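entry03.tsv follows (TSV, C-alpha atoms):
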```
chain	number	residue	atom	x	y	z
N	1	MET	CA	-23.47	15.17	-6.81
N	2	THR	CA	-23.68	15.53	-10.56
N	3	ASP	CA	-23.89	12.25	-12.41
N	4	THR	CA	-20.86	11.14	-14.43
N	5	ALA	CA	-20.98	8.85	-17.44
N	6	GLY	CA	-20.85	5.26	-16.25
N	7	TRP	CA	-21.64	6.08	-12.61
N	8	THR	CA	-24.74	5.96	-10.43
N	9	PRO	CA	-24.83	8.66	-7.70
N	10	ALA	CA	-26.83	6.42	-5.37
N	11	LEU	CA	-24.71	6.08	-2.26
N	12	ALA	CA	-24.64	8.32	0.77
N	13	ALA	CA	-22.21	8.00	3.65
N	14	PRO	CA	-23.87	5.96	6.42
N	15	THR	CA	-22.29	8.02	9.20
N	16	THR	CA	-21.36	11.65	9.77
N	17	PRO	CA	-17.64	12.42	9.33
N	18	VAL	CA	-15.73	12.66	12.61
N	19	ALA	CA	-12.78	14.99	13.22
N	20	VAL	CA	-10.11	13.28	15.32
N	21	ALA	CA	-7.29	15.28	16.92
N	22	ALA	CA	-3.75	13.91	16.98
N	23	ALA	CA	-3.31	15.49	20.40
N	24	ASP	CA	-5.75	12.92	21.80
N	25	ALA	CA	-3.58	9.97	20.75
N	26	ALA	CA	-1.49	8.08	23.28
N	27	GLN	CA	1.82	9.82	22.60
N	28	GLN	CA	4.36	7.53	24.23
N	29	VAL	CA	5.32	4.87	21.67
N	30	ALA	CA	8.47	2.76	21.88
N	31	GLY	CA	9.59	-0.75	21.06
N	32	LEU	CA	7.04	-1.39	18.30
N	33	GLU	CA	8.00	-2.78	14.91
N	34	VAL	CA	7.36	-1.00	11.63
N	35	GLY	CA	4.67	-1.92	9.10
N	36	VAL	CA	3.64	0.10	6.04
N	37	THR	CA	5.10	3.57	5.49
N	38	ALA	CA	4.50	6.52	3.14
N	39	PHE	CA	6.82	9.45	2.51
N	40	ALA	CA	6.02	12.72	0.75
N	41	SER	CA	9.50	14.26	0.71
N	42	PRO	CA	13.09	13.63	1.81
N	43	THR	CA	12.11	14.78	5.30
N	44	ALA	CA	8.38	14.17	5.84
N	45	GLY	CA	6.22	11.07	6.03
N	46	TRP	CA	4.19	8.60	8.06
N	47	ALA	CA	4.93	5.17	9.54
N	48	PHE	CA	2.53	2.56	10.92
N	49	VAL	CA	3.93	0.67	13.91
N	50	GLY	CA	2.30	-1.91	16.13
N	51	ALA	CA	2.03	-5.18	17.95
N	52	PRO	CA	-0.95	-7.53	18.46
N	53	ALA	CA	-3.98	-5.33	19.35
N	54	VAL	CA	-1.79	-2.19	19.26
N	55	CYS	CA	-1.83	0.17	16.24
N	56	ARG	CA	-0.09	3.54	16.02
N	57	LEU	CA	0.49	6.01	13.18
N	58	LEU	CA	3.51	8.29	13.63
N	59	TYR	CA	4.69	11.33	11.64
N	60	THR	CA	8.09	12.95	11.06
N	61	ASP	CA	9.01	16.18	9.33
N	62	ASP	CA	12.74	16.19	10.15
N	63	GLY	CA	14.00	13.13	8.30
N	64	GLY	CA	13.09	10.65	11.01
N	65	THR	CA	15.02	12.28	13.85
N	66	THR	CA	11.84	12.79	15.85
N	67	TRP	CA	8.33	11.33	15.54
N	68	ARG	CA	4.89	12.33	16.81
N	69	THR	CA	2.00	9.93	17.36
N	70	GLN	CA	-1.10	10.98	15.42
N	71	LEU	CA	-3.48	8.00	15.48
N	72	ALA	CA	-3.96	5.21	18.03
N	73	TRP	CA	-6.43	2.34	17.67
N	74	GLU	CA	-6.98	-1.37	18.17
N	75	GLY	CA	-7.30	-3.42	15.02
N	76	SER	CA	-5.29	-3.29	11.80
N	77	ILE	CA	-4.37	-1.20	8.80
N	78	LEU	CA	-5.95	-2.07	5.45
N	79	GLY	CA	-3.68	-1.93	2.44
N	80	ARG	CA	-1.20	0.89	2.06
N	81	LEU	CA	-0.73	4.41	3.37
N	82	ALA	CA	-0.93	7.24	0.83
N	83	ALA	CA	1.12	10.44	1.23
N	84	PHE	CA	0.45	13.35	-1.14
N	85	SER	CA	2.50	16.11	0.51
N	86	ALA	CA	3.99	16.88	3.90
N	87	CYS	CA	0.48	18.01	4.93
N	88	GLU	CA	-1.80	15.51	3.16
N	89	ALA	CA	-2.24	11.76	3.61
N	90	GLY	CA	-4.93	9.07	3.67
N	91	LEU	CA	-5.38	5.50	4.84
N	92	ALA	CA	-7.96	2.81	5.55
N	93	LEU	CA	-8.00	1.04	8.88
N	94	GLY	CA	-9.92	-1.70	10.65
N	95	LEU	CA	-11.34	-1.43	14.17
N	96	THR	CA	-12.17	-4.28	16.55
N	97	PRO	CA	-15.66	-4.51	18.11
N	98	ARG	CA	-14.43	-4.09	21.67
N	99	ALA	CA	-12.55	-0.86	20.89
N	100	ASP	CA	-14.13	0.76	17.83
N	101	SER	CA	-12.56	4.14	18.51
N	102	LEU	CA	-9.72	6.24	17.14
N	103	ASN	CA	-7.73	8.31	19.63
N	104	GLY	CA	-10.57	7.58	22.07
N	105	CYS	CA	-13.22	9.00	19.71
N	106	PRO	CA	-16.00	6.54	18.76
N	107	VAL	CA	-15.95	6.08	15.00
N	108	GLY	CA	-17.15	2.45	14.58
N	109	ASN	CA	-20.49	0.71	14.77
N	110	GLY	CA	-19.74	-1.94	17.41
N	111	ASP	CA	-18.77	-4.55	14.83
N	112	TYR	CA	-15.58	-5.16	12.87
N	113	THR	CA	-15.46	-1.78	11.16
N	114	ALA	CA	-13.46	-0.35	8.26
N	115	VAL	CA	-13.05	3.42	8.09
N	116	PHE	CA	-11.13	5.90	5.96
N	117	ALA	CA	-9.03	8.69	7.50
N	118	ARG	CA	-7.49	11.70	5.78
N	119	THR	CA	-5.55	14.78	6.84
N	120	HIS	CA	-4.86	18.15	5.23
N	121	ASP	CA	-2.80	19.73	8.04
N	122	GLY	CA	0.12	17.38	8.51
N	123	GLY	CA	-1.87	15.05	10.73
N	124	ALA	CA	-2.88	17.52	13.44
N	125	THR	CA	-6.47	16.54	12.69
N	126	TRP	CA	-7.90	13.58	10.77
N	127	THR	CA	-11.34	13.39	9.17
N	128	VAL	CA	-12.80	9.89	9.48
N	129	THR	CA	-15.53	8.55	7.18
N	130	SER	CA	-17.14	5.17	6.55
N	131	PRO	CA	-17.32	3.01	3.42
N	132	PRO	CA	-20.36	3.85	1.31
N	133	ASP	CA	-23.01	1.25	2.09
N	134	PRO	CA	-23.43	-1.01	5.13
N	135	ILE	CA	-25.06	-3.75	3.03
N	136	LYS	CA	-21.93	-3.99	0.86
N	137	THR	CA	-18.72	-5.26	2.41
N	138	PHE	CA	-15.57	-3.19	1.93
N	139	THR	CA	-12.98	-5.63	0.59
N	140	GLY	CA	-9.91	-3.68	1.71
N	141	LEU	CA	-9.11	-2.87	-1.94
N	142	PHE	CA	-8.89	0.87	-2.44
N	143	HIS	CA	-6.81	3.59	-4.05
N	144	TYR	CA	-6.35	7.22	-2.99
N	145	ARG	CA	-5.90	9.67	-5.86
N	146	THR	CA	-6.10	12.67	-3.48
N	147	PRO	CA	-7.12	12.82	0.18
N	148	ARG	CA	-10.72	13.54	-0.94
N	149	HIS	CA	-10.85	11.41	-4.10
N	150	LEU	CA	-10.59	7.66	-3.67
N	151	TRP	CA	-11.84	4.45	-5.21
N	152	ALA	CA	-12.92	1.38	-3.23
N	153	VAL	CA	-13.95	-2.14	-4.24
N	154	MET	CA	-17.18	-3.35	-2.64
N	155	GLN	CA	-18.70	-6.83	-2.40
N	156	PRO	CA	-22.51	-7.03	-2.23
N	157	PHE	CA	-23.70	-9.09	0.73
N	158	GLY	CA	-24.46	-12.67	-0.33
N	159	TYR	CA	-22.57	-12.38	-3.65
N	160	PRO	CA	-18.97	-13.48	-2.90
N	161	THR	CA	-17.83	-13.43	-6.55
N	162	THR	CA	-19.29	-10.01	-7.39
N	163	ARG	CA	-17.21	-6.87	-6.93
N	164	LEU	CA	-18.34	-3.30	-7.59
N	165	VAL	CA	-16.15	-0.22	-7.88
N	166	ALA	CA	-17.20	2.84	-5.87
N	167	GLN	CA	-15.66	6.31	-5.80
N	168	THR	CA	-15.96	9.46	-3.72
N	169	LYS	CA	-14.73	12.91	-4.68
N	170	ASP	CA	-15.68	14.65	-1.43
N	171	GLY	CA	-13.78	12.61	1.11
N	172	GLY	CA	-16.55	10.07	1.70
N	173	ALA	CA	-19.56	12.34	2.27
N	174	SER	CA	-21.15	10.81	-0.83
N	175	TRP	CA	-20.27	7.96	-3.17
N	176	GLN	CA	-20.94	6.75	-6.72
N	177	LEU	CA	-21.14	3.17	-7.94
N	178	ALA	CA	-19.83	2.14	-11.36
N	179	ARG	CA	-22.59	0.90	-13.66
N	180	SER	CA	-20.17	-1.49	-15.37
N	181	HIS	CA	-17.23	-3.45	-14.01
N	182	ALA	CA	-14.81	-6.19	-14.92
N	183	ASP	CA	-16.07	-9.71	-15.57
N	184	LEU	CA	-13.79	-11.19	-12.90
N	185	PRO	CA	-13.53	-10.02	-9.27
N	186	PRO	CA	-10.85	-7.29	-8.96
N	187	THR	CA	-7.90	-8.11	-6.73
N	188	ARG	CA	-6.14	-4.75	-7.11
N	189	ILE	CA	-7.07	-1.27	-8.30
N	190	ALA	CA	-4.97	1.84	-8.98
N	191	PHE	CA	-5.24	5.20	-10.78
N	192	SER	CA	-2.50	7.43	-12.16
N	193	SER	CA	-4.90	10.31	-12.94
N	194	PRO	CA	-8.57	11.08	-12.28
N	195	ALA	CA	-9.42	9.30	-15.54
N	196	ASP	CA	-6.69	6.69	-16.10
N	197	GLY	CA	-6.66	3.56	-13.98
N	198	VAL	CA	-6.16	-0.18	-13.96
N	199	ALA	CA	-7.87	-3.08	-12.25
N	200	VAL	CA	-6.28	-6.50	-11.84
N	201	ALA	CA	-8.72	-9.40	-11.75
N	202	GLY	CA	-8.23	-13.06	-11.11
N	203	ASP	CA	-9.68	-16.43	-10.39
N	204	GLY	CA	-8.15	-18.95	-7.99
N	205	LEU	CA	-4.34	-18.80	-7.95
N	206	HIS	CA	-4.15	-16.34	-10.84
N	207	SER	CA	-4.38	-12.54	-10.70
N	208	ASP	CA	-3.41	-12.16	-14.32
N	209	THR	CA	-6.22	-10.27	-16.06
N	210	LEU	CA	-5.69	-6.56	-16.65
N	211	TYR	CA	-8.50	-4.06	-17.24
N	212	VAL	CA	-7.88	-0.43	-18.15
N	213	THR	CA	-10.21	2.56	-17.79
N	214	GLY	CA	-9.95	5.99	-19.35
N	215	ASP	CA	-13.07	7.52	-17.79
N	216	GLY	CA	-12.37	7.16	-14.08
N	217	GLY	CA	-13.79	3.65	-13.77
N	218	GLY	CA	-17.09	4.08	-15.57
N	219	THR	CA	-16.09	1.56	-18.24
N	220	TRP	CA	-13.29	-0.98	-18.39
N	221	SER	CA	-11.56	-2.72	-21.31
N	222	ARG	CA	-9.40	-5.80	-21.10
N	223	THR	CA	-5.73	-5.33	-22.06
N	224	VAL	CA	-3.33	-8.11	-23.02
N	225	LEU	CA	0.31	-7.46	-22.13
N	226	PRO	CA	3.26	-8.70	-24.17
N	227	PRO	CA	4.10	-11.99	-22.44
N	228	PRO	CA	7.48	-12.75	-20.84
N	229	PRO	CA	9.41	-15.88	-21.92
N	230	VAL	CA	7.85	-18.26	-19.39
N	231	PRO	CA	5.67	-21.41	-19.69
N	232	SER	CA	2.02	-20.81	-20.50
N	233	ASN	CA	0.94	-22.57	-17.28
N	234	ALA	CA	2.94	-20.24	-15.01
N	235	VAL	CA	1.11	-18.74	-12.04
N	236	VAL	CA	0.89	-15.01	-12.75
N	237	THR	CA	0.23	-12.17	-10.30
N	238	LEU	CA	-0.06	-8.57	-11.52
N	239	SER	CA	0.55	-5.63	-9.15
N	240	PRO	CA	0.25	-1.94	-10.14
N	241	VAL	CA	2.70	0.51	-8.56
N	242	VAL	CA	1.64	4.17	-8.44
N	243	ARG	CA	3.54	6.98	-6.73
N	244	ALA	CA	2.60	10.66	-6.89
N	245	GLY	CA	4.34	12.45	-9.74
N	246	THR	CA	5.73	9.29	-11.40
N	247	PRO	CA	4.44	7.07	-14.23
N	248	MET	CA	2.62	3.85	-13.40
N	249	LEU	CA	4.53	0.58	-13.19
N	250	LEU	CA	2.95	-2.84	-13.49
N	251	LEU	CA	4.80	-5.78	-11.93
N	252	MET	CA	4.18	-9.32	-13.17
N	253	ARG	CA	5.26	-12.07	-10.76
N	254	VAL	CA	5.62	-15.47	-12.48
N	255	GLU	CA	6.27	-18.79	-10.73
N	256	PRO	CA	5.38	-22.49	-10.97
N	257	ASP	CA	2.30	-23.70	-9.15
N	258	ALA	CA	2.57	-25.57	-5.85
N	259	ARG	CA	2.71	-28.95	-7.62
N	260	GLN	CA	5.79	-28.05	-9.68
N	261	ALA	CA	9.44	-27.90	-8.72
N	262	PRO	CA	11.18	-24.51	-8.46
N	263	ALA	CA	12.17	-23.16	-11.86
N	264	GLY	CA	14.91	-20.85	-13.09
N	265	TRP	CA	12.39	-18.67	-14.88
N	266	THR	CA	10.68	-17.69	-11.62
N	267	GLY	CA	10.85	-13.94	-11.12
N	268	THR	CA	9.22	-10.57	-11.68
N	269	TYR	CA	8.84	-8.56	-14.88
N	270	ALA	CA	8.09	-4.83	-15.04
N	271	TYR	CA	5.96	-2.90	-17.52
N	272	LEU	CA	5.94	0.91	-17.78
N	273	ARG	CA	2.83	2.86	-18.78
N	274	GLU	CA	3.75	5.24	-21.60
N	275	GLY	CA	0.69	7.08	-22.84
N	276	GLN	CA	-1.86	4.38	-23.62
N	277	GLU	CA	0.75	1.68	-24.18
N	278	TRP	CA	2.83	-0.58	-21.94
N	279	SER	CA	6.55	-1.04	-22.57
N	280	GLY	CA	8.05	-4.32	-21.42
N	281	PRO	CA	8.42	-6.92	-20.17
N	282	HIS	CA	11.69	-6.11	-18.39
N	283	ARG	CA	12.98	-8.72	-15.95
N	284	LEU	CA	13.93	-7.32	-12.55
N	285	PRO	CA	17.12	-8.37	-10.77
N	286	ARG	CA	16.49	-10.84	-7.98
N	287	THR	CA	17.95	-12.97	-5.21
N	288	HIS	CA	16.44	-16.06	-3.65
N	289	ALA	CA	15.89	-14.35	-0.29
N	290	GLY	CA	12.66	-12.54	-1.09
N	291	PRO	CA	10.18	-11.36	-3.72
N	292	GLU	CA	11.05	-8.53	-6.10
N	293	LEU	CA	9.65	-5.02	-6.02
N	294	ALA	CA	10.27	-1.86	-8.05
N	295	VAL	CA	9.42	1.85	-7.94
N	296	VAL	CA	10.11	4.97	-10.00
N	297	GLY	CA	12.15	7.57	-8.12
N	298	ALA	CA	11.45	11.30	-8.05
N	299	ASP	CA	14.33	11.82	-10.52
N	300	GLY	CA	12.95	9.27	-13.00
N	301	ARG	CA	15.39	6.47	-12.19
N	302	PHE	CA	14.15	2.98	-11.41
N	303	TRP	CA	14.80	1.22	-8.10
N	304	ALA	CA	14.39	-2.51	-7.57
N	305	ALA	CA	14.79	-4.72	-4.51
N	306	SER	CA	14.87	-8.42	-3.71
N	307	GLY	CA	15.61	-9.86	-0.30
N	308	GLN	CA	18.34	-7.71	1.23
N	309	ASP	CA	19.65	-6.35	-2.07
N	310	LEU	CA	18.88	-3.09	-3.84
N	311	TRP	CA	19.52	-1.93	-7.41
N	312	VAL	CA	19.12	1.33	-9.34
N	313	ALA	CA	19.07	1.95	-13.11
N	314	ASP	CA	18.30	4.74	-15.56
N	315	THR	CA	15.95	2.45	-17.53
N	316	LEU	CA	14.07	-0.76	-16.81
N	317	ALA	CA	16.26	-2.47	-19.39
N	318	GLY	CA	19.30	-1.77	-17.21
N	319	PRO	CA	22.16	-1.95	-16.56
N	320	TRP	CA	21.38	-2.21	-12.85
N	321	GLU	CA	23.81	-0.82	-10.26
N	322	HIS	CA	23.85	-2.92	-7.09
N	323	ARG	CA	23.42	-1.56	-3.55
N	324	ARG	CA	23.81	-3.72	-0.45
N	325	VAL	CA	21.62	-2.91	2.56
N	326	PRO	CA	23.25	-4.01	5.86
N	327	LEU	CA	20.32	-6.00	7.25
N	328	PRO	CA	20.75	-8.72	9.92
N	329	GLY	CA	21.07	-12.35	8.86
N	330	GLU	CA	18.59	-15.13	9.44
N	331	HIS	CA	17.67	-15.84	13.06
N	332	LEU	CA	14.94	-17.54	15.08
N	333	ARG	CA	11.98	-15.27	15.62
N	334	THR	CA	8.38	-15.65	16.77
N	335	PRO	CA	6.11	-14.05	14.14
N	336	PRO	CA	3.74	-11.66	15.98
N	337	TRP	CA	0.81	-12.74	13.80
N	338	ASP	CA	1.42	-16.48	14.45
N	339	LEU	CA	-0.77	-17.69	17.32
N	340	ARG	CA	1.33	-20.83	17.74
N	341	LEU	CA	4.12	-18.74	19.31
N	342	VAL	CA	6.76	-21.02	17.80
N	343	PRO	CA	10.12	-19.40	16.90
N	344	LEU	CA	10.86	-19.87	13.21
N	345	PRO	CA	13.87	-19.03	11.02
N	346	SER	CA	13.30	-15.49	9.81
N	347	LEU	CA	15.11	-13.07	7.51
N	348	GLU	CA	14.55	-9.32	7.46
N	349	VAL	CA	13.95	-8.33	3.83
N	350	ILE	CA	13.14	-5.14	1.93
N	351	ALA	CA	9.41	-4.41	1.71
N	352	ASP	CA	9.26	-0.87	0.27
N	353	ILE	CA	11.48	1.86	-1.17
N	354	ALA	CA	10.84	5.63	-1.38
N	355	PRO	CA	13.62	7.37	-3.36
N	356	PHE	CA	13.77	11.17	-3.56
N	357	ASP	CA	16.09	13.84	-4.96
N	358	ASN	CA	19.44	14.72	-3.42
N	359	GLY	CA	20.27	11.09	-2.70
N	360	VAL	CA	17.66	10.53	0.02
N	361	VAL	CA	16.08	7.05	0.08
N	362	TRP	CA	13.66	5.68	2.67
N	363	LEU	CA	13.57	1.89	3.01
N	364	THR	CA	11.10	-0.27	4.95
N	365	THR	CA	11.69	-3.92	5.83
N	366	THR	CA	9.58	-6.89	6.94
N	367	HIS	CA	10.04	-10.38	8.30
N	368	GLY	CA	7.43	-11.70	5.89
N	369	ALA	CA	4.25	-10.33	7.44
N	370	PRO	CA	1.37	-10.06	4.96
N	371	VAL	CA	0.00	-6.58	4.27
N	372	GLY	CA	-2.39	-5.57	7.05
N	373	ALA	CA	-0.87	-8.03	9.53
N	374	VAL	CA	1.00	-7.05	12.67
N	375	PRO	CA	4.10	-4.98	11.73
N	376	SER	CA	7.37	-6.90	11.72
N	377	GLY	CA	10.03	-4.66	10.16
N	378	GLN	CA	12.24	-1.61	10.61
N	379	LEU	CA	12.84	1.73	8.87
N	380	TYR	CA	16.12	2.82	7.28
N	381	ARG	CA	17.25	6.03	5.59
N	382	SER	CA	20.11	6.87	3.24
N	383	GLU	CA	21.40	10.33	2.33
N	384	ASP	CA	23.96	9.20	-0.29
N	385	ASP	CA	21.85	7.37	-2.87
N	386	GLY	CA	21.77	4.08	-0.97
N	387	VAL	CA	25.49	3.64	-0.32
N	388	HIS	CA	25.20	4.00	3.47
N	389	TRP	CA	22.17	3.44	5.68
N	390	THR	CA	20.94	4.52	9.11
N	391	ARG	CA	18.35	2.55	11.04
N	392	LEU	CA	15.75	4.92	12.49
N	393	ALA	CA	13.97	4.50	15.82
N	394	VAL	CA	10.29	5.13	15.07
N	395	GLU	CA	9.35	6.20	18.59
N	396	SER	CA	7.51	9.04	20.29
N	397	ARG	CA	7.96	9.96	23.93
N	398	ARG	CA	6.01	13.22	23.98
N	399	LEU	CA	2.93	13.49	26.17
N	400	GLY	CA	0.10	15.02	24.20
N	401	PRO	CA	-3.15	16.84	25.59
N	402	LYS	CA	-11.83	15.72	22.06
N	403	CYS	CA	-13.16	14.98	18.96
N	404	THR	CA	-15.80	17.10	17.22
N	405	ARG	CA	-18.10	16.48	14.31
N	406	ALA	CA	-16.60	17.77	11.06
```
Rewrite the structure of this file - the entire thing - as structure tokens.
Amino acid sequence: MTDTAGWTPALAAPTTPVAVAAADAAQQVAGLEVGVTAFASPTAGWAFVGAPAVCRLLYTDDGGTTWRTQLAWEGSILGRLAAFSACEAGLALGLTPRADSLNGCPVGNGDYTAVFARTHDGGATWTVTSPPDPIKTFTGLFHYRTPRHLWAVMQPFGYPTTRLVAQTKDGGASWQLARSHADLPPTRIAFSSPADGVAVAGDGLHSDTLYVTGDGGGTWSRTVLPPPPVPSNAVVTLSPVVRAGTPMLLLMRVEPDARQAPAGWTGTYAYLREGQEWSGPHRLPRTHAGPELAVVGADGRFWAASGQDLWVADTLAGPWEHRRVPLPGEHLRTPPWDLRLVPLPSLEVIADIAPFDNGVVWLTTTHGAPVGAVPSGQLYRSEDDGVHWTRLAVESRRLGPKCTRA
């Protein structure tokens, strides 16, 4: 691979890519809860469902009426799914040592293994590759720009506070390492174009330092955002939000630290990337039932959610039009990731929104499971701009029919 300014083309994939067929996945899936989702259109997308030691990736192309199982493994999903079109998607997943296979095809190394998987044919086949270097630990921080172009954050073995940014432009066959990186360990990374990206860094409770790159990650410069009207000792967490075809959002969560009493200024502020500048801060509407999130819809409107409530506006400054999602109230529930098996009060809250044209909105919920944990939510769909909702059964009852080297 030709060298790029700021990058060292020194990494080769440690394993040969493996082609995994969706037909080899265990097709009958029912009764599993929903985790992360990714939708490419009003009708097509992917949903991760599972239970302890059970992971399944399902696909629909008819608005969620029917689903087909494409990937089956034991382990977890790392971070988010990425959908680029009805035919293209990518994800990172973790495999357990006792079952380091995907659809029955061996793709691990007998240890806790992280692998990347991508598809270009609607999930009929998936190409599986490994992180770049076995002596550097994949942190689970990554960003897909396209199915073949992704960035990953690596941690050199024995250096817990050092993080390096790696990228591949050929789907993982070869990798490059950035020669320069942020002073603090990155906690999040995202790109809105092949050149333009952000990295959020932090130390301890804070993930409040923003770095911006204009050369694909070769060099980074620190950027100071206009501050919201909150105390200077507030705990700040920055989260970039990138969806294909929409401008980048940056969400700033502010709250008191654990030693302080709850405060009225607790909440989330949004910044919008406009050229090389950030407009904001704009405070998002909120309830006390859950954290706030926001996305840019395909039509350019802004959608925000908190707890069981949903809002839409033409601009981040508002006014916000309220939508109520008919989710069940609080009830006792045993969290699937809690080994104590003790029922706890639980409330189903909104975890993700995917708004498209013609009034179609996909909505994913959670009972508070952290990203990458066992799924705990459901999937809903609206065809009238969020006024009415239908809960979808993400299940597959088809029986499907080995893997070959790509």
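Note that the spacing between atom CA of N:Ala51 and atom CA of N:Val36 amounts to 13.1 Å.
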Give me the residues within 8 Å of stretch 165-172 of chain N as a PyMOL selection string, counting all atoms listed in the file and dropping any in the same chain fewer than 5 places off. chain N and resi 13+118+129-132+147-154+177-178+181+217
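Shortest separation to N:Gln276 among N:Ala22, N:Ala258, N:Met248, N:Leu363 occurs at residue N:Met248, atoms counted being all atoms listed in the file.
Interatomic distance, atom CA of N:Leu272 to atom CA of N:Thr237: 16.1 Å.
Going from atom CA of N:Thr127 to atom CA of N:Ala199 covers 27.2 Å.
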Would you list the contacts of stretch 383-388 of chain N as a PyMOL selection string, taking every protein, DNA or RNA residue within 7 Å and counting only C-alpha atoms, but skipping same-chain residues closer than 2 positions in sequence? chain N and resi 323+359-361+381
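Comparing N:Thr119, N:Thr43, N:Gln27, N:Thr268 by their smallest distance to N:Ser382, the closest is N:Thr43 (using only C-alpha atoms).
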Which neighbours of N:Pro285 fall inside 12 Å, counting only C-alpha atoms, when residues of the same chain fewer than 2 positions from it are skipped, and could you give them as a ChimeraX atom specification? /N:266-270,282-283,287-288,290-294,302-307,309-313,316-323
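For the set N:Gly216, N:Gly123, N:Gly368, N:Gly75, the residue with the smallest atom-to-atom gap to N:Leu347 is N:Gly368, counting only C-alpha atoms.
Every protein, DNA or RNA residue with an atom at most 6 Å from N:Ala47, where only C-alpha atoms count and chain neighbours fewer than 6 positions away do not, is listed here: Thr37, Leu57 and Leu58 of chain N.
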Counting only C-alpha atoms, figure out which residue out of N:Thr390, N:Thr69, N:Gln260, N:Thr16 gets nearest to N:Gln28. N:Thr69
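Residues lying at most 12 Å from (1.1, 0.9, -22.3) in file coordinates, with all atoms listed in the file considered, are Asp196, Gly197, Val198, Leu210, Tyr211, Val212, Thr223, Val224, Leu225, Pro226, Pro247, Met248, Leu249, Leu250, Ala270, Tyr271, Leu272, Arg273, Glu274, Gly275, Gln276, Glu277, Trp278, Ser279, Gly280 and Pro281 of chain N.
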Could you list as a PDB file with C-alpha atoms, in the frame of the given file every residue that has an atom within 9 Å of (7.8, 13.6, 1.7), using the file's coordinates and counting only C-alpha atoms?
```pdb
ATOM      1  CA  ALA N  38       4.500   6.520   3.140  1.00  0.00           C
ATOM      2  CA  PHE N  39       6.820   9.450   2.510  1.00  0.00           C
ATOM      3  CA  ALA N  40       6.020  12.720   0.750  1.00  0.00           C
ATOM      4  CA  SER N  41       9.500  14.260   0.710  1.00  0.00           C
ATOM      5  CA  PRO N  42      13.090  13.630   1.810  1.00  0.00           C
ATOM      6  CA  THR N  43      12.110  14.780   5.300  1.00  0.00           C
ATOM      7  CA  ALA N  44       8.380  14.170   5.840  1.00  0.00           C
ATOM      8  CA  GLY N  45       6.220  11.070   6.030  1.00  0.00           C
ATOM      9  CA  TRP N  46       4.190   8.600   8.060  1.00  0.00           C
ATOM     10  CA  ASP N  61       9.010  16.180   9.330  1.00  0.00           C
ATOM     11  CA  ALA N  83       1.120  10.440   1.230  1.00  0.00           C
ATOM     12  CA  PHE N  84       0.450  13.350  -1.140  1.00  0.00           C
ATOM     13  CA  SER N  85       2.500  16.110   0.510  1.00  0.00           C
ATOM     14  CA  ALA N  86       3.990  16.880   3.900  1.00  0.00           C
ATOM     15  CA  PHE N 356      13.770  11.170  -3.560  1.00  0.00           C
TER      16      PHE N 356
END
```
Within 7 Å of N:Gln308, counting only C-alpha atoms, which residues qualify if same-chain residues fewer than 5 places away don't, as JSON, numbers by chain? {"N": [324, 325, 327, 349, 350]}
